[in-house]
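Here's the structure we're looking at; comments come further down.
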Number of protein chains: 2
Amino acid sequence: MQSFTPPRRVLMGPGPSDVSPRVLAALARPTIGHLDPAFQGLMEDIKAALQRLMNAPDHACIPLPAPGTAGMEAAIMNLLEPGDRAVIAVNGAFGGRMADMAGRAGAVVETVEDAWGQPVDPAKVEAALAKGPAKVLAFVHAETSTGARSDAAALCGLARKYGALSIVDCVTSLGGVPVDAAAWDADVIYSGTQKCLSAPPGLSPIALSKRAQAAIAGRKEKVRNWLCDFNLLMSYWGGEGGRTYHHTAPINALYGLHESLVVLFEEGQQAAFVRHARVHESLAAGLEAAGLEMLVAPAHRLPQLNTVKVPEGIDEAAVRAHVLARWDLEIGAGLGPLKGQVWRIGLMGASASPWHVRLCLTALADALTAQGRKVDAPAMLAAAEAKLAG
Amino acid sequence: MQSFTPPRRVLMGPGPSDVSPRVLAALARPTIGHLDPAFQGLMEDIKAALQRLMNAPDHACIPLPAPGTAGMEAAIMNLLEPGDRAVIAVNGAFGGRMADMAGRAGAVVETVEDAWGQPVDPAKVEAALAKGPAKVLAFVHAETSTGARSDAAALCGLARKYGALSIVDCVTSLGGVPVDAAAWDADVIYSGTQKCLSAPPGLSPIALSKRAQAAIAGRKEKVRNWLCDFNLLMSYWGGEGGRTYHHTAPINALYGLHESLVVLFEEGQQAAFVRHARVHESLAAGLEAAGLEMLVAPAHRLPQLNTVKVPEGIDEAAVRAHVLARWDLEIGAGLGPLKGQVWRIGLMGASASPWHVRLCLTALADALTAQGRKVDAPAMLAAAEAKLAG
């Protein structure tokens, strides 16, 4: 068994994204104890930073000690008890996952389906909520499987109107487009670290409103998932009565998250949103110059996740293998019904730069040419540069 | 918000232990994608290394993407269904935690109690198993809350005799004393990375026997904890049908675990056990030279977790605060009924060295002296050195 040296990679798939040297360096700082006073200071810093990041001054915000899926599971398992009705919008892989988890929580699940690549339709959601009381409305703000953005403000508003608690999956949105717990009046928001925050995967920031906390405090049964039991988690992360041991926090991963938040606030969130939007426009223009089409309509596109249709006659997997082999570039494949139909190109966090756009267009042009398709690479780059300058 | 620089610390609490510079450096290697062919190679390496580490050639071994408690929850939640009977031995905090989780799984739980500081009594366990069929016998091999080691071979043998599946908590034992899945014929073993493996906290290695896997495959209901659903986890970690997306693996944390295993195998497990035993004997001799007493009888002591009784008239918390402030040394407090009664001194992994013994004895002598107790520090060190030389 030998030490592992990772190959050079440029990460433009659906996550993880490129991690900056500053965050990598933070990971390697010496481990201290999770009950150390200095570590408690770090925890307080992170809680405050997450509140700021999600504009959630009145929410309880902590990072869960497991990947983004833990946020989903914590949200579902804490809010739902056996027999509760849950309305869950499904317009991609992650909405479907929520519905599966809600079933494991013992809930009565009603799914509201939209086509993959479409946003969640608020009218359908309202119809489902109007049919009868629901404890929870859950939906995905930024569907990582399709690149479609849904209207979180409208959907959270419907939850409030019908007395349901809202659960909003912001795994791919946080840091790339606005996530605003206060403006949306959202109950639970969760995310991951490996998308637009550009930290390694492994943690899941979560925010819970006072309504959500009251619902959890009033449960009849214990939460089925001990590790994600929010009452226990909040005792560990320091409620009013001090800290109670629950798990051992992943110290070094939290160093990395902390540094990624320092980096983000140095740039400014608004500036980061503008950067994501600009590189997205640039990439889309370059792709369109090669005759490639995006899956999602412009009004609903996520800048950080670009879903590109595979042209007729092109071997989808061979293109990914080509850009990986020749350009050390990772782009993503389609999931579920989109398997073989699309590529998913991430422009997230540190991977949302003009350099990444140029490399990706160049690599794709090379891969398509290798399959005999006529591609004008200089025209693609020119179209991309025009948007960067504009 | 400013970058975080951890203070210097020497970690001799119940975990995390000191992380070696090699492991810290591994954490900071560039992140690659979790579907990257190179990362799949790393996953295969880690699976094989965990089989070797636990002597579990016929078990399925993977690291769960969350701290050690996730291993406990995965074991309980995968093996138990509502109505199943579970016999759970409780001789410290972690046995009690298992019983709580089994209740959340819907099991009918029968606890077998032993005093904190005592090993699990096989006779009591056999009596509970003989009363009627149990699906599971769960116990803690190395109680982190007390420092007592139980007889895993005997207890797993009882589980086999009565047709129960065994769950063995090896969070604190793995890497410090022998953990032998094959010899014990154990069904589920789980551990953590932040004890004798000396990687940061955040991952939980787990091993499942073929019997355990068959039991999971034959469940009537889905596992309640999606994130720890072993069927889904094994699809992600590469069963016979290739890899299916489940979560995004904590890439950099796995770099760290991998390097910690490389380091351990370079030394040799047997050599590491000898080292842990020797520094433990040395520490115990030094403590006894100062008139301090160990909680656990010699036959049942874990070398890596030394539970020391707080002498009459000494302020327990003030001693910990003193050694932290003056010596940058972390030692642990007692939990539950042992709160205020004991210190817990870890000699785990990279913290199991003669240097750590000397520093700890020196710091404790200083702290006790500061409280007016007469302590002969040179005699403590001499007693410790005699054991190191012997």
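Chains: A, B, ... in order of the structure tokens. Residues: from 1 per chain. Ligands: from 1, in order shown.
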Query - Residue neighbourhood range 333-335 of chain B, 10 Å, only C-alpha atoms, exclusion window fewer than 3 positions, as a PyMOL selection string - result: (chain A and resi 245) or (chain B and resi 13-14+92-93+144-146+307-310+316-317+320+330+338-345)
How would the residues just picked look written out with C-alpha atoms as a compact mmCIF listing (two decimals), in the first residue's frame?
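As a result, out26.txt now contains:
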# COMPACT_ATOMS: atom_id res chain seq x y z
CA TYR A 245 -21.53 15.62 23.65
CA GLY B 13 -8.01 13.04 25.64
CA PRO B 14 -10.44 10.33 24.54
CA GLY B 92 -20.73 2.91 29.82
CA ALA B 93 -21.98 5.82 27.73
CA THR B 144 -14.33 5.12 25.60
CA SER B 145 -16.21 6.45 28.61
CA THR B 146 -14.49 4.12 31.09
CA THR B 307 -9.10 6.35 33.38
CA VAL B 308 -7.56 7.86 36.49
CA LYS B 309 -9.44 8.53 39.69
CA VAL B 310 -9.43 12.13 40.88
CA GLU B 316 -10.86 17.89 38.64
CA ALA B 317 -11.73 20.64 36.17
CA ARG B 320 -7.58 19.98 33.13
CA GLU B 330 -5.68 18.15 26.43
CA LEU B 338 -17.96 9.41 36.26
CA LYS B 339 -18.25 13.16 35.74
CA GLY B 340 -15.90 14.87 38.16
CA GLN B 341 -14.63 11.47 39.36
CA VAL B 342 -11.99 10.66 36.75
CA TRP B 343 -9.71 11.95 34.08
CA ARG B 344 -9.48 10.11 30.80
CA ILE B 345 -5.98 10.07 29.35
**Report entry** Residue neighbourhood Ala199 in chain B, 10 Å, only C-alpha atoms, exclusion window fewer than 5 positions, as an MDAnalysis selection string
**Finding:** (chainID A and resid 31 252) or (chainID B and resid 16:20 22:24 27 192:194 253:261 349:350)
Would you write out those residues with C-alpha atoms, as a PDB file, in the first residue's frame?
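Saved to selection-v2.pdb:
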ATOM      1  CA  THR A  31      -6.164  18.899  14.600  1.00  0.00           C
ATOM      2  CA  ASN A 252     -10.271  19.537   9.848  1.00  0.00           C
TER       3      ASN A 252
ATOM      4  CA  PRO B  16      -9.154  13.024  18.593  1.00  0.00           C
ATOM      5  CA  SER B  17      -5.517  12.017  19.029  1.00  0.00           C
ATOM      6  CA  ASP B  18      -2.547  13.810  17.519  1.00  0.00           C
ATOM      7  CA  VAL B  19      -2.611  13.613  13.719  1.00  0.00           C
ATOM      8  CA  SER B  20       0.768  13.052  12.105  1.00  0.00           C
ATOM      9  CA  ARG B  22       1.950  12.963   6.906  1.00  0.00           C
ATOM     10  CA  VAL B  23      -1.774  12.567   7.385  1.00  0.00           C
ATOM     11  CA  LEU B  24      -2.309  16.343   7.602  1.00  0.00           C
ATOM     12  CA  LEU B  27      -5.704  16.053   3.599  1.00  0.00           C
ATOM     13  CA  GLY B 192     -13.744   5.847  14.008  1.00  0.00           C
ATOM     14  CA  THR B 193     -10.705   7.492  12.500  1.00  0.00           C
ATOM     15  CA  GLN B 194      -9.768   9.869  15.312  1.00  0.00           C
ATOM     16  CA  ALA B 253     -11.000  13.052   4.463  1.00  0.00           C
ATOM     17  CA  LEU B 254     -10.503   9.758   2.624  1.00  0.00           C
ATOM     18  CA  TYR B 255      -7.042  10.908   1.519  1.00  0.00           C
ATOM     19  CA  GLY B 256      -6.289  11.306   5.218  1.00  0.00           C
ATOM     20  CA  LEU B 257      -7.659   7.904   6.227  1.00  0.00           C
ATOM     21  CA  HIS B 258      -5.725   6.267   3.402  1.00  0.00           C
ATOM     22  CA  GLU B 259      -2.465   7.836   4.514  1.00  0.00           C
ATOM     23  CA  SER B 260      -3.099   6.899   8.145  1.00  0.00           C
ATOM     24  CA  LEU B 261      -3.448   3.273   7.057  1.00  0.00           C
ATOM     25  CA  GLY B 349      -2.022   6.265  17.650  1.00  0.00           C
ATOM     26  CA  ALA B 350       0.450   9.101  17.210  1.00  0.00           C
TER      27      ALA B 350
END
Report task. Can you check which residues of chain B have any atom within 6 Å of chain A? Use only C-alpha atoms and format it as a PyMOL selection string. Result -> chain B and resi 3+16+24-25+27-28+33+65-66+104+201-202+224-225+250+259
Requested in this report: Quick one: pick out all strand (DSSP E or B) residues within range 139-352 of chain A from a backbone DSSP run and write them as an MDAnalysis selection string.
Outcome: chainID A and resid 139:140 142 148:149 165:169 174 177 188:190 204:208 239 242 294 301:302 305:309 329:333 342:346
Show me a table, sorted first by chain and then by increasing residue number, of the residues of range 163-253 of chain B having an atom at most 8 Å from range 117-138 of chain B, each with its shortest atom pair and the distance in Å to one decimal, counting only C-alpha atoms and written as a Markdown table.
| residue | atom | partner | partner_atom | distance |
| --- | --- | --- | --- | --- |
| B:Gly163 | CA | B:Pro133 | CA | 7.5 |
| B:Ala164 | CA | B:Val136 | CA | 4.9 |
| B:Leu165 | CA | B:Val136 | CA | 4.6 |
| B:Ser166 | CA | B:Leu137 | CA | 4.9 |
| B:Ile167 | CA | B:Ala138 | CA | 4.5 |
| B:Val168 | CA | B:Ala138 | CA | 6.1 |
| B:Asp169 | CA | B:Ala138 | CA | 7.9 |
Writing out the chosen residues with C-alpha atoms as a short mmCIF file (atom, residue, chain, number, x, y, z; two decimals), in the first residue's frame:
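The result, written out as again-v3.cif:
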data_model
loop_
_atom_site.label_atom_id
_atom_site.label_comp_id
_atom_site.auth_asym_id
_atom_site.auth_seq_id
_atom_site.Cartn_x
_atom_site.Cartn_y
_atom_site.Cartn_z
CA GLY B 163 -28.45 -17.35 16.71
CA ALA B 164 -28.09 -13.58 17.15
CA LEU B 165 -26.08 -11.24 14.96
CA SER B 166 -23.25 -9.52 16.83
CA ILE B 167 -22.55 -5.77 16.67
CA VAL B 168 -19.19 -4.78 18.13
CA ASP B 169 -18.25 -1.14 18.80
#
Identify, with DSSP run on backbone atoms, the residues in range 34-216 of chain A assigned to helix (DSSP H, G or I), and express the list as a compact mmCIF listing (two decimals) with C-alpha atoms, in the first residue's frame.
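Written output follows (out38.txt):
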# COMPACT_ATOMS: atom_id res chain seq x y z
CA PRO A 37 -12.19 26.45 23.87
CA ALA A 38 -10.50 27.50 20.61
CA PHE A 39 -12.63 25.05 18.67
CA GLN A 40 -15.76 26.38 20.32
CA GLY A 41 -14.80 29.80 19.00
CA LEU A 42 -14.53 28.33 15.51
CA MET A 43 -17.97 26.78 15.85
CA GLU A 44 -19.49 30.12 16.85
CA ASP A 45 -17.79 31.77 13.88
CA ILE A 46 -19.19 29.18 11.50
CA LYS A 47 -22.70 29.45 12.89
CA ALA A 48 -22.66 33.22 12.44
CA ALA A 49 -21.18 32.92 8.94
CA LEU A 50 -23.87 30.46 7.86
CA GLN A 51 -26.57 32.81 9.12
CA ARG A 52 -25.05 35.58 7.05
CA LEU A 53 -24.56 33.32 4.02
CA GLY A 68 -25.20 17.20 1.56
CA THR A 69 -27.50 14.21 1.60
CA ALA A 70 -27.35 14.38 5.39
CA GLY A 71 -28.99 17.80 5.22
CA MET A 72 -31.82 16.35 3.20
CA GLU A 73 -32.22 13.46 5.59
CA ALA A 74 -32.06 15.71 8.66
CA ALA A 75 -34.74 17.99 7.23
CA ILE A 76 -37.08 15.17 6.33
CA MET A 77 -36.51 13.03 9.43
CA ASN A 78 -36.80 15.87 11.93
CA LEU A 79 -39.95 17.44 10.51
CA ALA A 93 -33.20 13.10 -9.14
CA PHE A 94 -33.08 14.92 -5.83
CA GLY A 95 -36.80 15.55 -5.50
CA GLY A 96 -37.22 11.81 -5.97
CA ARG A 97 -34.69 11.15 -3.23
CA MET A 98 -36.63 13.39 -0.83
CA ALA A 99 -39.76 11.38 -1.50
CA ASP A 100 -37.91 8.12 -0.76
CA MET A 101 -36.61 9.50 2.54
CA ALA A 102 -40.02 10.83 3.57
CA GLY A 103 -41.37 7.31 3.10
CA ARG A 104 -38.68 6.00 5.44
CA PRO A 122 -46.30 26.41 -8.35
CA ALA A 123 -49.83 25.85 -9.64
CA LYS A 124 -49.51 22.08 -9.31
CA VAL A 125 -48.00 22.46 -5.87
CA GLU A 126 -50.85 24.70 -4.78
CA ALA A 127 -53.37 22.17 -6.03
CA ALA A 128 -51.72 19.45 -3.93
CA LEU A 129 -51.58 21.66 -0.83
CA ALA A 130 -55.19 22.72 -1.28
CA ALA A 152 -38.21 29.34 -3.98
CA ALA A 153 -39.94 32.51 -2.84
CA ALA A 154 -43.21 31.52 -4.51
CA LEU A 155 -43.08 27.93 -3.27
CA CYS A 156 -42.22 28.88 0.32
CA GLY A 157 -45.08 31.41 0.12
CA LEU A 158 -47.47 28.60 -0.80
CA ALA A 159 -46.25 26.54 2.14
CA ARG A 160 -47.01 29.47 4.47
CA LYS A 161 -50.41 30.03 2.88
CA ALA A 181 -34.09 32.32 4.17
CA ALA A 182 -35.58 35.53 5.55
CA ALA A 183 -37.04 36.85 2.29
CA TRP A 184 -38.45 33.43 1.38
CA LYS A 210 -38.15 28.94 14.84
CA ARG A 211 -41.32 27.30 13.47
CA ALA A 212 -39.32 24.26 12.42
CA GLN A 213 -37.60 24.09 15.79
CA ALA A 214 -40.95 24.28 17.57
CA ALA A 215 -42.30 21.47 15.40
CA ILE A 216 -39.31 19.31 16.29
Query raised in the report: Expressed in Å to a single decimal, how great is the separation between CA of Ser173 in chain B and CA of Leu302 in chain B?
Result: 7.9 Å
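Using only C-alpha atoms for every distance, the candidate list A:Met348, A:Val296, A:Ala384, A:Ala321 yields A:Ala321 as the residue closest to Asp366 in chain A.
For the pair CA of Ala383 in chain A and CA of Arg278 in chain A, the separation is 12.7 Å.
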Query - Polymer residues at most 12 Å from Leu292 in chain B, only C-alpha atoms, same-chain spacing of 3 or more positions, as a PyMOL selection string - result: chain B and resi 283-289+295+306-312+314+342-343+361+364-365+368+373-376+380
Got time to write the residues from that selection, C-alpha atoms, as an mmCIF file, in the first residue's frame?
data_model
loop_
_atom_site.group_PDB
_atom_site.id
_atom_site.type_symbol
_atom_site.label_atom_id
_atom_site.label_comp_id
_atom_site.auth_asym_id
_atom_site.auth_seq_id
_atom_site.Cartn_x
_atom_site.Cartn_y
_atom_site.Cartn_z
ATOM 1 C CA LEU B 283 2.000 5.972 32.198
ATOM 2 C CA ALA B 284 0.289 3.777 34.768
ATOM 3 C CA ALA B 285 3.555 3.277 36.648
ATOM 4 C CA GLY B 286 4.185 7.006 36.686
ATOM 5 C CA LEU B 287 0.686 7.764 37.931
ATOM 6 C CA GLU B 288 0.892 5.128 40.623
ATOM 7 C CA ALA B 289 4.214 6.584 41.768
ATOM 8 C CA LEU B 295 -10.446 3.063 37.675
ATOM 9 C CA ASN B 306 -6.446 5.415 30.875
ATOM 10 C CA THR B 307 -9.100 6.349 33.384
ATOM 11 C CA VAL B 308 -7.557 7.862 36.487
ATOM 12 C CA LYS B 309 -9.442 8.531 39.688
ATOM 13 C CA VAL B 310 -9.426 12.132 40.884
ATOM 14 C CA PRO B 311 -7.894 12.149 44.381
ATOM 15 C CA GLU B 312 -9.884 13.421 47.323
ATOM 16 C CA ILE B 314 -8.498 17.848 44.097
ATOM 17 C CA VAL B 342 -11.991 10.656 36.746
ATOM 18 C CA TRP B 343 -9.707 11.955 34.078
ATOM 19 C CA LEU B 361 3.187 13.096 33.894
ATOM 20 C CA LEU B 364 -0.122 16.464 35.940
ATOM 21 C CA ALA B 365 2.555 16.767 38.607
ATOM 22 C CA LEU B 368 -1.444 18.688 41.377
ATOM 23 C CA ARG B 373 -0.690 18.141 46.789
ATOM 24 C CA LYS B 374 2.795 16.776 47.451
ATOM 25 C CA VAL B 375 3.976 15.089 44.270
ATOM 26 C CA ASP B 376 7.407 13.679 43.520
ATOM 27 C CA MET B 380 6.978 9.593 38.592
#
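Counting only C-alpha atoms and comparing B:Ala60, B:Ala115, B:Pro298, B:Gly175, the residue that lies closest to Ala89 in chain B is B:Ala115.
CA of Phe230 in chain B is positioned 11.4 Å from CA of Pro63 in chain B.
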Report task. Rank A:Leu197, A:Met54, A:Leu174, A:Ala148 by their smallest atom-to-atom distance to Met294 in chain A, using only C-alpha atoms, and report the top residue only. Result -> A:Ala148
